[in-house]
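Asker: Dropping in structure.cif, with mmCIF, C-alpha atoms.
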data_work
#
loop_
_atom_site.group_PDB
_atom_site.id
_atom_site.type_symbol
_atom_site.label_atom_id
_atom_site.label_comp_id
_atom_site.auth_asym_id
_atom_site.auth_seq_id
_atom_site.Cartn_x
_atom_site.Cartn_y
_atom_site.Cartn_z
ATOM 1 C CA ALA A 435 75.287 75.830 42.800
ATOM 2 C CA GLU A 436 74.179 72.371 41.743
ATOM 3 C CA TYR A 437 72.273 70.137 44.153
ATOM 4 C CA MET A 438 72.093 66.379 43.681
ATOM 5 C CA GLY A 439 69.057 64.513 44.978
ATOM 6 C CA ASN A 440 68.919 60.747 45.309
ATOM 7 C CA LEU A 441 65.551 59.100 44.842
ATOM 8 C CA ILE A 442 64.959 55.803 46.633
ATOM 9 C CA ILE A 443 61.945 53.708 45.666
ATOM 10 C CA MET A 444 60.084 51.442 48.111
ATOM 11 C CA CYS A 445 58.633 48.177 46.814
ATOM 12 C CA GLU A 446 56.216 46.775 49.379
ATOM 13 C CA THR A 447 53.001 45.664 47.653
ATOM 14 C CA PRO A 448 52.076 43.138 44.962
ATOM 15 C CA TRP A 449 51.162 46.085 42.722
ATOM 16 C CA SER A 450 54.566 47.748 43.099
ATOM 17 C CA LEU A 451 56.387 44.442 42.557
ATOM 18 C CA HIS A 452 54.338 43.676 39.451
ATOM 19 C CA ASN A 453 54.931 47.176 38.062
ATOM 20 C CA LEU A 454 58.517 47.673 39.274
ATOM 21 C CA HIS A 455 59.995 47.632 35.767
ATOM 22 C CA ASN A 456 57.625 50.385 34.591
ATOM 23 C CA ILE A 457 58.088 52.369 37.809
ATOM 24 C CA CYS A 458 61.884 52.340 37.423
ATOM 25 C CA LYS A 459 61.667 53.061 33.697
ATOM 26 C CA ASN A 460 59.340 56.042 34.137
ATOM 27 C CA ILE A 461 61.188 57.503 37.118
ATOM 28 C CA THR A 462 64.509 57.182 35.291
ATOM 29 C CA LYS A 463 63.016 58.870 32.234
ATOM 30 C CA LYS A 464 61.555 61.710 34.326
ATOM 31 C CA CYS A 465 64.895 62.215 36.102
ATOM 32 C CA ASP A 466 66.662 62.414 32.720
ATOM 33 C CA ILE A 467 64.166 65.036 31.492
ATOM 34 C CA LEU A 468 64.504 67.067 34.699
ATOM 35 C CA ASN A 469 68.286 66.894 34.599
ATOM 36 C CA LYS A 470 68.385 68.144 30.979
ATOM 37 C CA THR A 471 66.137 71.109 31.715
ATOM 38 C CA ASN A 472 67.364 72.163 35.155
ATOM 39 C CA ASN A 473 70.956 73.207 35.830
ATOM 40 C CA SER A 474 70.655 73.827 39.561
ATOM 41 C CA PHE A 475 69.078 70.565 40.672
ATOM 42 C CA LYS A 476 69.892 67.021 39.543
ATOM 43 C CA LEU A 477 67.830 64.010 40.537
ATOM 44 C CA CYS A 478 68.983 60.411 40.326
ATOM 45 C CA ALA A 479 66.842 57.337 41.001
ATOM 46 C CA ASN A 480 69.468 55.111 42.498
ATOM 47 C CA ALA A 481 67.918 52.428 44.729
ATOM 48 C CA VAL A 482 64.928 50.223 45.459
ATOM 49 C CA ILE A 483 64.224 49.052 49.011
ATOM 50 C CA PHE A 484 62.220 45.885 49.542
ATOM 51 C CA GLY A 485 59.567 46.393 52.233
ATOM 52 C CA SER A 486 59.140 42.716 53.012
ATOM 53 C CA ASP A 487 56.854 42.945 56.025
ATOM 54 C CA ASP A 488 54.344 45.201 54.274
ATOM 55 C CA PHE A 489 54.610 42.942 51.208
ATOM 56 C CA CYS A 490 53.910 39.802 53.268
ATOM 57 C CA ALA A 491 50.985 41.471 55.014
ATOM 58 C CA SER A 492 49.497 42.474 51.670
ATOM 59 C CA ILE A 493 49.676 38.943 50.236
ATOM 60 C CA GLY A 494 48.741 37.096 53.427
ATOM 61 C CA ALA A 495 52.128 35.406 53.787
ATOM 62 C CA THR A 496 53.689 34.481 57.109
ATOM 63 C CA ARG A 497 57.333 35.422 57.583
ATOM 64 C CA SER A 498 59.663 32.465 58.104
ATOM 65 C CA GLU A 499 63.302 32.043 59.029
ATOM 66 C CA SER A 500 64.119 30.753 55.536
ATOM 67 C CA ALA A 501 62.347 33.713 53.850
ATOM 68 C CA ILE A 502 61.028 31.360 51.157
ATOM 69 C CA GLU A 503 57.774 33.343 51.084
ATOM 70 C CA VAL A 504 59.605 36.350 49.600
ATOM 71 C CA LEU A 505 62.135 34.556 47.378
ATOM 72 C CA TYR A 506 60.445 35.507 44.108
ATOM 73 C CA ALA A 507 59.965 39.126 45.165
ATOM 74 C CA ARG A 508 63.597 39.486 46.271
ATOM 75 C CA GLN A 509 64.958 38.073 42.996
ATOM 76 C CA LYS A 510 62.645 40.219 40.884
ATOM 77 C CA ILE A 511 63.753 43.329 42.764
ATOM 78 C CA VAL A 512 67.440 42.499 42.267
ATOM 79 C CA ALA A 513 67.000 41.748 38.552
ATOM 80 C CA THR A 514 64.981 44.916 37.952
ATOM 81 C CA CYS A 515 67.435 47.092 39.874
ATOM 82 C CA LYS A 516 70.395 45.742 37.933
ATOM 83 C CA MET A 517 68.551 46.363 34.658
ATOM 84 C CA PHE A 518 68.281 50.053 35.573
ATOM 85 C CA LYS A 519 71.721 50.268 37.250
ATOM 86 C CA MET A 520 70.125 50.918 40.641
ATOM 87 C CA GLN A 521 71.116 49.555 44.026
ATOM 88 C CA ALA A 522 68.918 46.808 45.457
ATOM 89 C CA ILE A 523 68.435 47.138 49.220
ATOM 90 C CA ASP A 524 67.316 43.941 50.932
ATOM 91 C CA MET A 525 64.562 43.462 53.484
ATOM 92 C CA VAL A 526 64.806 44.315 57.146
ATOM 93 C CA PHE A 527 65.602 41.634 59.723
ATOM 94 C CA ILE A 528 63.286 42.497 62.592
ATOM 95 C CA ASP A 529 64.699 40.257 65.356
ATOM 96 C CA TYR A 530 67.475 42.735 66.104
ATOM 97 C CA LYS A 531 68.784 40.690 69.061
ATOM 98 C CA ASP A 532 69.366 37.607 66.854
ATOM 99 C CA HIS A 533 72.822 38.417 65.496
ATOM 100 C CA GLY A 534 73.262 34.991 63.881
ATOM 101 C CA GLY A 535 69.912 35.272 62.123
ATOM 102 C CA PHE A 536 70.792 38.758 60.888
ATOM 103 C CA GLU A 537 74.146 37.523 59.602
ATOM 104 C CA ASN A 538 72.493 34.638 57.721
ATOM 105 C CA SER A 539 69.856 36.939 56.232
ATOM 106 C CA ALA A 540 72.449 39.504 55.136
ATOM 107 C CA LYS A 541 74.705 36.836 53.587
ATOM 108 C CA GLN A 542 71.720 35.375 51.756
ATOM 109 C CA GLY A 543 70.847 38.830 50.443
ATOM 110 C CA LYS A 544 74.394 39.449 49.258
ATOM 111 C CA CYS A 545 74.445 36.079 47.467
ATOM 112 C CA MET A 546 71.177 37.020 45.753
ATOM 113 C CA GLY A 547 72.716 40.233 44.415
ATOM 114 C CA PHE A 548 71.510 42.830 46.913
ATOM 115 C CA ASP A 549 73.846 45.784 47.454
ATOM 116 C CA GLY A 550 72.851 46.448 51.050
ATOM 117 C CA LYS A 551 70.284 45.783 53.730
ATOM 118 C CA GLN A 552 67.759 47.810 55.680
ATOM 119 C CA LEU A 553 68.764 48.176 59.306
ATOM 120 C CA ILE A 554 66.586 48.795 62.343
ATOM 121 C CA HIS A 555 69.184 48.762 65.112
ATOM 122 C CA PRO A 556 72.694 50.227 65.514
ATOM 123 C CA ASP A 557 74.027 46.750 66.395
ATOM 124 C CA GLN A 558 73.371 45.705 62.777
ATOM 125 C CA ILE A 559 75.557 48.380 61.170
ATOM 126 C CA ASP A 560 79.031 46.832 61.504
ATOM 127 C CA MET A 561 77.933 43.366 60.426
ATOM 128 C CA ALA A 562 76.040 44.707 57.410
ATOM 129 C CA HIS A 563 79.038 46.799 56.400
ATOM 130 C CA THR A 564 81.353 43.782 56.702
ATOM 131 C CA ILE A 565 79.046 41.466 54.752
ATOM 132 C CA PHE A 566 78.234 43.856 51.910
ATOM 133 C CA SER A 567 81.807 45.150 51.508
ATOM 134 C CA PRO A 568 84.348 43.047 49.614
ATOM 135 C CA SER A 569 86.876 41.270 51.838
ATOM 136 C CA LYS A 570 90.631 41.723 51.411
ATOM 137 C CA SER A 571 90.857 38.276 49.779
ATOM 138 C CA GLU A 572 87.989 39.088 47.382
ATOM 139 C CA ILE A 573 89.724 42.332 46.376
ATOM 140 C CA GLU A 574 93.048 40.537 45.847
ATOM 141 C CA TRP A 575 91.305 37.832 43.777
ATOM 142 C CA ALA A 576 89.529 40.437 41.652
ATOM 143 C CA GLN A 577 92.638 42.537 41.062
ATOM 144 C CA GLY A 578 94.721 39.471 40.154
ATOM 145 C CA LEU A 579 92.030 38.169 37.825
ATOM 146 C CA LEU A 580 91.806 41.514 36.020
ATOM 147 C CA VAL A 581 95.581 41.629 35.516
ATOM 148 C CA ALA A 582 95.585 38.045 34.155
ATOM 149 C CA TRP A 583 92.595 38.855 31.940
ATOM 150 C CA GLU A 584 94.254 41.914 30.418
ATOM 151 C CA GLU A 585 97.449 39.965 29.697
ATOM 152 C CA ALA A 586 95.456 37.180 28.018
ATOM 153 C CA ARG A 587 93.342 39.660 26.068
ATOM 154 C CA LYS A 588 96.460 41.155 24.505
ATOM 155 C CA SER A 589 97.183 37.740 23.006
ATOM 156 C CA GLY A 590 93.603 37.368 21.744
ATOM 157 C CA GLU A 591 92.275 34.886 24.316
ATOM 158 C CA GLY A 592 88.599 35.092 25.288
ATOM 159 C CA VAL A 593 88.705 32.534 28.094
ATOM 160 C CA ILE A 594 91.509 32.011 30.610
ATOM 161 C CA SER A 595 92.372 29.820 33.554
ATOM 162 C CA TYR A 596 92.965 31.686 36.810
ATOM 163 C CA LYS A 597 93.713 29.905 40.088
ATOM 164 C CA GLY A 598 92.430 26.651 38.616
ATOM 165 C CA LYS A 599 89.123 28.013 37.350
ATOM 166 C CA MET A 600 87.829 28.874 33.907
ATOM 167 C CA ILE A 601 87.356 32.623 33.604
ATOM 168 C CA ASP A 602 85.279 34.371 30.959
ATOM 169 C CA MET A 603 83.462 37.700 30.727
ATOM 170 C CA PRO A 604 80.842 37.152 33.491
ATOM 171 C CA LEU A 605 83.581 36.614 36.090
ATOM 172 C CA VAL A 606 85.564 39.536 34.689
ATOM 173 C CA LEU A 607 82.506 41.748 35.217
ATOM 174 C CA GLN A 608 82.133 40.389 38.744
ATOM 175 C CA ALA A 609 85.798 41.198 39.443
ATOM 176 C CA LYS A 610 85.346 44.741 38.097
ATOM 177 C CA HIS A 611 82.344 45.190 40.403
ATOM 178 C CA ILE A 612 84.372 44.033 43.437
ATOM 179 C CA VAL A 613 87.254 46.398 42.614
ATOM 180 C CA ALA A 614 84.824 49.296 42.120
ATOM 181 C CA MET A 615 83.352 48.667 45.599
ATOM 182 C CA LYS A 616 86.653 48.646 47.484
#
Taking this structure as input, can you express it in the form of structure tokens?

Answerer:
Amino acid sequence: AEYMGNLIIMCETPWSLHNLHNICKNITKKCDILNKTNNSFKLCANAVIFGSDDFCASIGATRSESAIEVLYARQKIVATCKMFKMQAIDMVFIDYKDHGGFENSAKQGKCMGFDGKQLIHPDQIDMAHTIFSPSKSEIEWAQGLLVAWEEARKSGEGVISYKGKMIDMPLVLQAKHIVAMK
């Protein structure tokens, strides 16, 4: 029987942030080697979690409501994860009783490209699921865009207008991502 293991990487120090590309590259390479030589166990490096509080402590930063002190780190984690086709999991929101603050933090993370968020309290689960899952209107938009794109592609067009907006390949890829998440 084949067993599949998922490897999740923590990034919580300046060293790990600086070396994240090499860490992901080497772990991915080692997983590929293992998977080619072992038929009973498969390992997949599939996510990086940002340990923001440990990161801030290690650089002497003070956490703020805006999270400006970790902006660079968050964007680097997202970009590196996407390069290696891994999920980027955003930082924890420690004031678990502040539902509005959690919602703002999660929405900010989603806008930055994170695929999910660390949770420390059961009350955060439903809101995180709602924020990081595509809405019905997003799914309808994506499906309609993909249909319009395919029709235009058959006639050789590389750019189309859909619902009053110019659409080219980056938005097509975004629509495909939304449909894949539904």

Asker: Written as a PyMOL selection string, what is the full residue list that the PyMOL selection byres ((chain A and resi 450-460) around 10) yields on the file shown?

Answerer: chain A and resi 443-449+461-466+479-482+484+489+506-508+510-511+513-515+517-518+520

Asker: What's around stretch 546-552 of chain A at 6 Å? Count all atoms listed in the file, leave out sequence neighbours fewer than 3 positions away in its own chain, and write the answer as an MDAnalysis selection string.

Answerer: chainID A and resid 521:526 543

Asker: Can you sort out the box for stretch 464-476 of chain A, edges along x, y and z, all listed atoms in, 5 Å on every side, with centre and edge lengths in Å to one decimal, as JSON?

Answerer:
{"center_x": 66.3, "center_y": 67.8, "center_z": 35.8, "size_x": 19.4, "size_y": 22.1, "size_z": 19.7}

Asker: Run the PyMOL selection byres ((chain A and resi 499-503) around 12) on the file and write out the hits as an mmCIF file with C-alpha atoms, in the frame of the given file.

Answerer:
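Saved file result_30.cif follows:
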data_model
loop_
_atom_site.group_PDB
_atom_site.id
_atom_site.type_symbol
_atom_site.label_atom_id
_atom_site.label_comp_id
_atom_site.auth_asym_id
_atom_site.auth_seq_id
_atom_site.Cartn_x
_atom_site.Cartn_y
_atom_site.Cartn_z
ATOM 1 C CA SER A 486 59.140 42.716 53.012
ATOM 2 C CA ASP A 487 56.854 42.945 56.025
ATOM 3 C CA PHE A 489 54.610 42.942 51.208
ATOM 4 C CA CYS A 490 53.910 39.802 53.268
ATOM 5 C CA ALA A 491 50.985 41.471 55.014
ATOM 6 C CA ILE A 493 49.676 38.943 50.236
ATOM 7 C CA GLY A 494 48.741 37.096 53.427
ATOM 8 C CA ALA A 495 52.128 35.406 53.787
ATOM 9 C CA THR A 496 53.689 34.481 57.109
ATOM 10 C CA ARG A 497 57.333 35.422 57.583
ATOM 11 C CA SER A 498 59.663 32.465 58.104
ATOM 12 C CA VAL A 504 59.605 36.350 49.600
ATOM 13 C CA LEU A 505 62.135 34.556 47.378
ATOM 14 C CA TYR A 506 60.445 35.507 44.108
ATOM 15 C CA ALA A 507 59.965 39.126 45.165
ATOM 16 C CA ARG A 508 63.597 39.486 46.271
ATOM 17 C CA GLN A 509 64.958 38.073 42.996
ATOM 18 C CA ASP A 524 67.316 43.941 50.932
ATOM 19 C CA MET A 525 64.562 43.462 53.484
ATOM 20 C CA VAL A 526 64.806 44.315 57.146
ATOM 21 C CA PHE A 527 65.602 41.634 59.723
ATOM 22 C CA ILE A 528 63.286 42.497 62.592
ATOM 23 C CA ASP A 529 64.699 40.257 65.356
ATOM 24 C CA ASP A 532 69.366 37.607 66.854
ATOM 25 C CA GLY A 534 73.262 34.991 63.881
ATOM 26 C CA GLY A 535 69.912 35.272 62.123
ATOM 27 C CA PHE A 536 70.792 38.758 60.888
ATOM 28 C CA ASN A 538 72.493 34.638 57.721
ATOM 29 C CA SER A 539 69.856 36.939 56.232
ATOM 30 C CA ALA A 540 72.449 39.504 55.136
ATOM 31 C CA GLN A 542 71.720 35.375 51.756
ATOM 32 C CA GLY A 543 70.847 38.830 50.443
#

Asker: For a quick check of understanding, using all atoms listed in the file, which of A:Lys588, A:Met561, A:Lys519, A:Val581 has the smallest distance to A:Val606?

Answerer: A:Val581

Asker: Distance atom CA of A:Tyr596-atom CA of A:Lys570, one decimal place?

Answerer: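 Separation of atom CA of A:Tyr596 and atom CA of A:Lys570: 17.9 Å.
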
Asker: Quote the spacing between atom CA of A:Leu553 and atom CA of A:Cys478 in Å to one decimal place.

Answerer: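 Between atom CA of A:Leu553 and atom CA of A:Cys478 the gap works out to 22.6 Å.
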
Asker: So which one's closest to A:Ala614, A:Gly592, A:Gly598, A:Pro568, A:Gly578? Using all atoms listed in the file, please.

Answerer: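 The closest residue to A:Ala614 is A:Pro568.
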
Asker: Any idea what the distance is between atom CA of A:His555 and atom CA of A:Tyr530?

Answerer: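 Atom-to-atom, atom CA of A:His555 to atom CA of A:Tyr530, that is 6.3 Å.
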
Asker: With a distance cut-off of 8 Å and all atoms listed in the file, select the neighbouring residues of A:Ile573, excluding the residue or stretch itself and same-chain residues fewer than 6 positions from it, and output the selection as a ChimeraX atom specification.

Answerer: /A:612-613,616

Asker: How would stretch 469-491 of chain A look with N, CA and C atoms restored, written as a PDB file, in the frame of the given file?

Answerer:
ATOM      1  N   ASN A 469      66.862  66.564  34.570  1.00  0.00           N
ATOM      2  CA  ASN A 469      68.286  66.894  34.599  1.00  0.00           C
ATOM      3  C   ASN A 469      68.730  67.633  33.346  1.00  0.00           C
ATOM      4  N   LYS A 470      68.044  67.429  32.222  1.00  0.00           N
ATOM      5  CA  LYS A 470      68.385  68.144  30.979  1.00  0.00           C
ATOM      6  C   LYS A 470      67.837  69.570  30.976  1.00  0.00           C
ATOM      7  N   THR A 471      66.784  69.797  31.748  1.00  0.00           N
ATOM      8  CA  THR A 471      66.137  71.109  31.715  1.00  0.00           C
ATOM      9  C   THR A 471      66.446  71.972  32.933  1.00  0.00           C
ATOM     10  N   ASN A 472      67.103  71.424  33.923  1.00  0.00           N
ATOM     11  CA  ASN A 472      67.364  72.163  35.155  1.00  0.00           C
ATOM     12  C   ASN A 472      68.845  72.071  35.498  1.00  0.00           C
ATOM     13  N   ASN A 473      69.517  73.201  35.553  1.00  0.00           N
ATOM     14  CA  ASN A 473      70.956  73.207  35.830  1.00  0.00           C
ATOM     15  C   ASN A 473      71.296  73.290  37.311  1.00  0.00           C
ATOM     16  N   SER A 474      70.338  73.643  38.150  1.00  0.00           N
ATOM     17  CA  SER A 474      70.655  73.827  39.561  1.00  0.00           C
ATOM     18  C   SER A 474      70.309  72.609  40.416  1.00  0.00           C
ATOM     19  N   PHE A 475      69.498  71.722  39.889  1.00  0.00           N
ATOM     20  CA  PHE A 475      69.078  70.565  40.672  1.00  0.00           C
ATOM     21  C   PHE A 475      69.123  69.320  39.796  1.00  0.00           C
ATOM     22  N   LYS A 476      69.820  68.298  40.249  1.00  0.00           N
ATOM     23  CA  LYS A 476      69.892  67.021  39.543  1.00  0.00           C
ATOM     24  C   LYS A 476      69.267  65.947  40.427  1.00  0.00           C
ATOM     25  N   LEU A 477      68.496  65.081  39.815  1.00  0.00           N
ATOM     26  CA  LEU A 477      67.830  64.010  40.537  1.00  0.00           C
ATOM     27  C   LEU A 477      68.224  62.671  39.931  1.00  0.00           C
ATOM     28  N   CYS A 478      68.554  61.734  40.780  1.00  0.00           N
ATOM     29  CA  CYS A 478      68.983  60.411  40.326  1.00  0.00           C
ATOM     30  C   CYS A 478      68.206  59.350  41.099  1.00  0.00           C
ATOM     31  N   ALA A 479      67.493  58.499  40.382  1.00  0.00           N
ATOM     32  CA  ALA A 479      66.842  57.337  41.001  1.00  0.00           C
ATOM     33  C   ALA A 479      67.911  56.271  41.144  1.00  0.00           C
ATOM     34  N   ASN A 480      68.317  55.997  42.368  1.00  0.00           N
ATOM     35  CA  ASN A 480      69.468  55.111  42.498  1.00  0.00           C
ATOM     36  C   ASN A 480      69.270  53.863  43.344  1.00  0.00           C
ATOM     37  N   ALA A 481      68.080  53.640  43.922  1.00  0.00           N
ATOM     38  CA  ALA A 481      67.918  52.428  44.729  1.00  0.00           C
ATOM     39  C   ALA A 481      66.449  52.052  44.861  1.00  0.00           C
ATOM     40  N   VAL A 482      66.242  50.753  45.109  1.00  0.00           N
ATOM     41  CA  VAL A 482      64.928  50.223  45.459  1.00  0.00           C
ATOM     42  C   VAL A 482      65.096  49.456  46.766  1.00  0.00           C
ATOM     43  N   ILE A 483      64.237  49.755  47.724  1.00  0.00           N
ATOM     44  CA  ILE A 483      64.224  49.052  49.011  1.00  0.00           C
ATOM     45  C   ILE A 483      63.037  48.092  49.020  1.00  0.00           C
ATOM     46  N   PHE A 484      63.296  46.862  49.443  1.00  0.00           N
ATOM     47  CA  PHE A 484      62.220  45.885  49.542  1.00  0.00           C
ATOM     48  C   PHE A 484      61.588  45.950  50.923  1.00  0.00           C
ATOM     49  N   GLY A 485      60.338  46.360  50.990  1.00  0.00           N
ATOM     50  CA  GLY A 485      59.567  46.393  52.233  1.00  0.00           C
ATOM     51  C   GLY A 485      58.869  45.065  52.443  1.00  0.00           C
ATOM     52  N   SER A 486      59.616  44.100  52.948  1.00  0.00           N
ATOM     53  CA  SER A 486      59.140  42.716  53.012  1.00  0.00           C
ATOM     54  C   SER A 486      57.958  42.510  53.950  1.00  0.00           C
ATOM     55  N   ASP A 487      57.945  43.189  55.081  1.00  0.00           N
ATOM     56  CA  ASP A 487      56.854  42.945  56.025  1.00  0.00           C
ATOM     57  C   ASP A 487      55.532  43.486  55.503  1.00  0.00           C
ATOM     58  N   ASP A 488      55.556  44.677  54.902  1.00  0.00           N
ATOM     59  CA  ASP A 488      54.344  45.201  54.274  1.00  0.00           C
ATOM     60  C   ASP A 488      53.916  44.304  53.110  1.00  0.00           C
ATOM     61  N   PHE A 489      54.908  43.823  52.330  1.00  0.00           N
ATOM     62  CA  PHE A 489      54.610  42.942  51.208  1.00  0.00           C
ATOM     63  C   PHE A 489      53.925  41.661  51.703  1.00  0.00           C
ATOM     64  N   CYS A 490      54.497  41.040  52.731  1.00  0.00           N
ATOM     65  CA  CYS A 490      53.910  39.802  53.268  1.00  0.00           C
ATOM     66  C   CYS A 490      52.503  40.044  53.800  1.00  0.00           C
ATOM     67  N   ALA A 491      52.316  41.155  54.493  1.00  0.00           N
ATOM     68  CA  ALA A 491      50.985  41.471  55.014  1.00  0.00           C
ATOM     69  C   ALA A 491      49.985  41.629  53.872  1.00  0.00           C
TER      70      ALA A 491
END
